[in-house]
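Peer 1: Sharing a structure here in structure tokens format.
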Amino acid sequence: MIHKIDETTHYIRQCLGDREVPEIAIILGSGLGLMADRIAEQLVIPYAGIPHFVRSTAIGHKGNLIFGTLGGKNVMAMQGRFHYYEGYTMQEVTFPVRVMARLGVKTLFVSNAAGAVNPTYRVGDMMIITDHINLLPNPLIGPNIDEFGPRFPDMTTVYSKHIRQLAIEEADKMGQHLQQGIYVGGTGPTYETPAEYKFYHAIGGDAAGMSTIPEVIVARHSGLEIFGMSIITNQSNDLNDTCLNSGDDVVKEANKAAHKMTTLFERVIARL
């Protein structure tokens with residue numbers, strides 16, 4: 001694994017040339033790749049050309065690694081992520097985060113499209129992730145990579161309280177209300193049943209999705225500071241009588257909210 005990480009890191013450093021390696025990285029979820037358009041002075045590296053990167057096949061994931069500036073800071077962004085439901089191993093899903101850490105990234109912003117588990121949430125809401133419940137296989141199962149972190153990393157304060165406070169302050173300046181809640185991650189690729197939505201809420205969840213947590217666990221293991229945000233793109237249906245969810249609809253709703261999230265991320269990054 002270390003050999004592959006180092007090969008990929010070396011390739012990306014060569015592509016960067018004289019560019020400064022960023023200390024901030026962003027992972028853009030379904031329909032949220034439009035944020036990439038706000039990154040200035042872009043260098044775009046397609047996943048297809050990066051050694052040991054797999055392909056992103058999910059709807060709304062373009063599959064590019066983008067370097068440039070956002071909020072006056074050097075950043076790198078994944079325009080699309082990898083998912084366990086695509087058939088990839090957890091090591092493949094989280095491989096880019098290992099490369100980020102090897103490059104020198106210190107702070108990771110993660111975003112996703114999620115379904116509302118909390119009945120007070122509405123489509124279009126933005127939710128700061130304060131904690132998570134993991135129902136996916138843990139990406140740290142197997143031999144520990146001692147070069148990155150300990151065998152048993154602490155998960156008490158995964159999501160940075162400092163950056164969460166900055167986001168609240170900037171959202172207030174924008175006149176934008178933010179939800180704050182717990183993200184539940186499942187394998188997918190099926191959307192949740194009404195009973196599953198009720199179960200997720202009963203165990204403490206506010207939003208549910210099929211990503212993010214594996215990347216966050218590996219980022220935490222690697223010592224990165226983490227900020228996470230979900231865009232609420234669909235809601236639970238307790239009546240079992242109407243089909244509410246489709247991949248295209250999720251991307252459509254995420255696109256509507258992408259501008260708000262991009263502006264917020266840009267303002268928060270400017271303050272780091």
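Letters for chains follow the order of the structure tokens (A, B, ...), residue numbers begin at 1 for each chain, and ligand numbers begin at 1 in the order shown.
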Counting only C-alpha atoms, give me one row per residue of range 100-165 of chain A with an atom at most 10 Å from an atom of range 192-198 of chain A, showing the shortest contact pair and its distance in Å to one decimal, sorted by chain then residue number, as JSON lines.

Peer 2:
```
{"residue": "A:Gly115", "atom": "CA", "partner": "A:Glu192", "partner_atom": "CA", "distance": 8.7}
{"residue": "A:Ala116", "atom": "CA", "partner": "A:Tyr197", "partner_atom": "CA", "distance": 8.4}
{"residue": "A:Val117", "atom": "CA", "partner": "A:Tyr197", "partner_atom": "CA", "distance": 5.7}
{"residue": "A:Asn118", "atom": "CA", "partner": "A:Tyr197", "partner_atom": "CA", "distance": 8.8}
{"residue": "A:Pro119", "atom": "CA", "partner": "A:Lys198", "partner_atom": "CA", "distance": 9.6}
```

Peer 1: Using only N, CA and C atoms, please write the residues we just selected to a file, as a compact mmCIF listing (two decimals), in the first residue's frame.

Peer 2:
```
# COMPACT_ATOMS: atom_id res chain seq x y z
N GLY A 115 -30.02 12.18 2.52
CA GLY A 115 -31.46 12.15 2.75
C GLY A 115 -31.77 12.59 4.17
N ALA A 116 -32.86 13.34 4.33
CA ALA A 116 -33.26 13.81 5.65
C ALA A 116 -33.84 12.68 6.47
N VAL A 117 -33.22 12.43 7.62
CA VAL A 117 -33.73 11.48 8.60
C VAL A 117 -34.49 12.25 9.68
N ASN A 118 -33.99 13.42 10.03
CA ASN A 118 -34.67 14.31 10.96
C ASN A 118 -35.91 14.89 10.27
N PRO A 119 -37.10 14.70 10.83
CA PRO A 119 -38.33 15.15 10.15
C PRO A 119 -38.47 16.66 10.04
```

Peer 1: Enumerate the residues of range 35-233 of chain A with a DSSP assignment of alpha helix (DSSP H), computed from the backbone, and present them as JSON, numbers by chain.

Peer 2: {"A": [90, 91, 92, 93, 94, 95, 96, 97, 98, 99, 100, 101, 102, 103, 161, 162, 163, 164, 165, 166, 167, 168, 169, 170, 171, 172, 173, 174, 194, 195, 196, 197, 198, 199, 200, 201, 202, 213, 214, 215, 216, 217, 218, 219, 220, 221]}

Peer 1: Could you turn the residues from that selection into a file that holds C-alpha atoms, as a PDB file, in the first residue's frame?

Peer 2:
```
ATOM      1  CA  MET A  90     -12.444   0.373   1.317  1.00  0.00           C
ATOM      2  CA  GLN A  91      -8.725   0.795   0.634  1.00  0.00           C
ATOM      3  CA  GLU A  92      -9.537   1.949  -2.914  1.00  0.00           C
ATOM      4  CA  VAL A  93     -12.323   4.243  -1.697  1.00  0.00           C
ATOM      5  CA  THR A  94     -10.020   5.983   0.782  1.00  0.00           C
ATOM      6  CA  PHE A  95      -6.787   5.830  -1.210  1.00  0.00           C
ATOM      7  CA  PRO A  96      -7.003   9.507  -2.311  1.00  0.00           C
ATOM      8  CA  VAL A  97      -7.103  10.621   1.327  1.00  0.00           C
ATOM      9  CA  ARG A  98      -3.860   8.753   2.007  1.00  0.00           C
ATOM     10  CA  VAL A  99      -2.324  10.537  -0.971  1.00  0.00           C
ATOM     11  CA  MET A 100      -3.588  13.895   0.308  1.00  0.00           C
ATOM     12  CA  ALA A 101      -1.922  13.293   3.648  1.00  0.00           C
ATOM     13  CA  ARG A 102       1.302  12.230   1.927  1.00  0.00           C
ATOM     14  CA  LEU A 103       1.255  15.404  -0.181  1.00  0.00           C
ATOM     15  CA  LYS A 161     -15.201  22.497  16.417  1.00  0.00           C
ATOM     16  CA  HIS A 162     -13.101  25.467  15.287  1.00  0.00           C
ATOM     17  CA  ILE A 163     -14.079  25.177  11.624  1.00  0.00           C
ATOM     18  CA  ARG A 164     -17.699  24.429  12.524  1.00  0.00           C
ATOM     19  CA  GLN A 165     -17.825  27.706  14.453  1.00  0.00           C
ATOM     20  CA  LEU A 166     -16.315  29.598  11.513  1.00  0.00           C
ATOM     21  CA  ALA A 167     -19.007  28.104   9.245  1.00  0.00           C
ATOM     22  CA  ILE A 168     -21.775  29.188  11.617  1.00  0.00           C
ATOM     23  CA  GLU A 169     -20.371  32.720  11.765  1.00  0.00           C
ATOM     24  CA  GLU A 170     -20.027  33.024   7.985  1.00  0.00           C
ATOM     25  CA  ALA A 171     -23.467  31.526   7.337  1.00  0.00           C
ATOM     26  CA  ASP A 172     -24.939  34.095   9.724  1.00  0.00           C
ATOM     27  CA  LYS A 173     -23.273  36.869   7.735  1.00  0.00           C
ATOM     28  CA  MET A 174     -24.816  35.366   4.580  1.00  0.00           C
ATOM     29  CA  PRO A 194     -39.224   4.089   5.500  1.00  0.00           C
ATOM     30  CA  ALA A 195     -38.430   1.667   8.331  1.00  0.00           C
ATOM     31  CA  GLU A 196     -34.697   2.255   7.902  1.00  0.00           C
ATOM     32  CA  TYR A 197     -35.215   6.023   7.998  1.00  0.00           C
ATOM     33  CA  LYS A 198     -37.136   5.646  11.267  1.00  0.00           C
ATOM     34  CA  PHE A 199     -34.391   3.397  12.642  1.00  0.00           C
ATOM     35  CA  TYR A 200     -31.624   5.838  11.701  1.00  0.00           C
ATOM     36  CA  HIS A 201     -33.492   8.660  13.427  1.00  0.00           C
ATOM     37  CA  ALA A 202     -34.151   6.491  16.482  1.00  0.00           C
ATOM     38  CA  ILE A 213     -17.432   8.320   6.657  1.00  0.00           C
ATOM     39  CA  PRO A 214     -14.706   6.011   5.261  1.00  0.00           C
ATOM     40  CA  GLU A 215     -12.774   9.064   4.007  1.00  0.00           C
ATOM     41  CA  VAL A 216     -13.242  10.810   7.345  1.00  0.00           C
ATOM     42  CA  ILE A 217     -12.002   7.795   9.316  1.00  0.00           C
ATOM     43  CA  VAL A 218      -8.852   7.587   7.213  1.00  0.00           C
ATOM     44  CA  ALA A 219      -8.362  11.356   7.401  1.00  0.00           C
ATOM     45  CA  ARG A 220      -8.672  11.188  11.170  1.00  0.00           C
ATOM     46  CA  HIS A 221      -6.212   8.286  11.271  1.00  0.00           C
TER      47      HIS A 221
END
```

Peer 1: Please measure the separation of CA of Tyr183 in chain A and CA of Arg81 in chain A, giving the value in Å to one decimal.

Peer 2: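 So the answer is 17.3 Å.
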
Peer 1: With distances taken over only C-alpha atoms, which of A:Phe227, A:Phe53, A:Tyr121, A:Tyr191 is nearest to His177 in chain A?

Peer 2: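 When distances to His177 in chain A are compared using only C-alpha atoms, the smallest one comes from A:Tyr121.
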
Peer 1: Hey, what does DSSP flag as strand (DSSP E or B) within range 93-260 of chain A? Can you give it to me as a PyMOL selection string?

Peer 2: chain A and resi 107-116+126-134+159+179-185+207-209+225-235

Peer 1: Just want the 12 Å neighbourhood of Asn144 in chain A, counted on only C-alpha atoms, with same-chain residues fewer than 4 positions away dropped. Output as a ChimeraX atom specification.

Peer 2: /A:1-2,91,139-140,148-153,218,221-222

Peer 1: Counting only C-alpha atoms, which of A:Val184, A:Met229, A:Ala207, A:Ala257 gets nearest to Leu135 in chain A?

Peer 2: A:Val184

Peer 1: Provide the CA of Ala208 in chain A to CA of Arg122 in chain A distance in Å, to one decimal place.

Peer 2: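 These atoms are spaced 13.4 Å apart.
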
Peer 1: Pick from A:Ile129, A:Met261, A:Ile145, A:Leu43: nearest to Glu20 in chain A, with only C-alpha atoms counted?

Peer 2: A:Leu43

Peer 1: Considering only C-alpha atoms, return as a PDB file with N, CA and C atoms, in the first residue's frame whatever protein or nucleic-acid residues lie within 7 Å of Tyr159 in chain A, sequence-local ones (same chain, fewer than 4 positions apart) excluded.

Peer 2:
```
ATOM      1  N   THR A 130     -21.798  17.163  12.705  1.00  0.00           N
ATOM      2  CA  THR A 130     -21.190  17.279  14.028  1.00  0.00           C
ATOM      3  C   THR A 130     -20.614  15.946  14.505  1.00  0.00           C
ATOM      4  N   ASP A 131     -21.136  14.849  13.953  1.00  0.00           N
ATOM      5  CA  ASP A 131     -20.686  13.506  14.329  1.00  0.00           C
ATOM      6  C   ASP A 131     -21.259  12.534  13.307  1.00  0.00           C
ATOM      7  N   ILE A 226     -10.839  18.079  10.099  1.00  0.00           N
ATOM      8  CA  ILE A 226     -11.941  17.724   9.198  1.00  0.00           C
ATOM      9  C   ILE A 226     -13.157  18.606   9.419  1.00  0.00           C
ATOM     10  N   PHE A 227     -13.742  19.054   8.309  1.00  0.00           N
ATOM     11  CA  PHE A 227     -15.031  19.738   8.328  1.00  0.00           C
ATOM     12  C   PHE A 227     -15.939  19.047   7.327  1.00  0.00           C
ATOM     13  N   GLY A 228     -17.178  18.746   7.737  1.00  0.00           N
ATOM     14  CA  GLY A 228     -18.098  18.043   6.854  1.00  0.00           C
ATOM     15  C   GLY A 228     -19.434  18.747   6.729  1.00  0.00           C
TER      16      GLY A 228
END
```

Peer 1: Would you work out the distance separating CA of Phe265 in chain A from CA of Gly209 in chain A, expressed in Å to one decimal?

Peer 2: 20.5 Å

Peer 1: Please provide as a PyMOL selection string all residues within 7 Å of Thr107 in chain A, with the sequence filter that same-chain residues fewer than 4 positions apart are discarded (counting only C-alpha atoms).

Peer 2: chain A and resi 23-25+224-226

Peer 1: Set the distance at 9 Å and use only C-alpha atoms: which residues neighbour Met78 in chain A once local chain neighbours fewer than 6 positions away are removed? I'd like the list as JSON, numbers by chain.

Peer 2: {"A": [25, 26, 27, 28, 29, 33, 36, 63, 64, 65, 66, 96]}

Peer 1: Restrict the selected residues to C-alpha atoms and save them as a tab-separated table (two decimals), in the first residue's frame.

Peer 2:
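Below you can see again_21.tsv, which holds the result:
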```
chain	number	residue	atom	x	y	z
A	25	ALA	CA	-8.36	19.57	0.28
A	26	ILE	CA	-12.05	19.30	-0.62
A	27	ILE	CA	-14.04	16.19	-1.57
A	28	LEU	CA	-17.12	17.10	-3.60
A	29	GLY	CA	-20.12	14.76	-3.48
A	33	GLY	CA	-18.79	19.26	-8.39
A	36	ALA	CA	-14.81	23.29	-8.91
A	63	GLY	CA	-13.69	12.31	-11.96
A	64	ASN	CA	-11.09	15.06	-11.83
A	65	LEU	CA	-8.47	16.18	-9.33
A	66	ILE	CA	-8.31	19.97	-9.43
A	96	PRO	CA	-7.00	9.51	-2.31
```

Peer 1: For Gly188 in chain A, which residue out of A:Thr69, A:Ser211, A:Ser230, A:Ser56 is the nearest one, using only C-alpha atoms?

Peer 2: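 Checking each candidate against Gly188 in chain A, we get A:Ser211 as the closest.
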
Peer 1: Compare A:Ile45, A:Leu136, A:Ile269, A:Val54 by their minimum atom-to-atom distance to Glu86 in chain A, counting only C-alpha atoms, and give me the closest one.

Peer 2: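 Answer, going by the shortest atom-to-atom distance: A:Val54.
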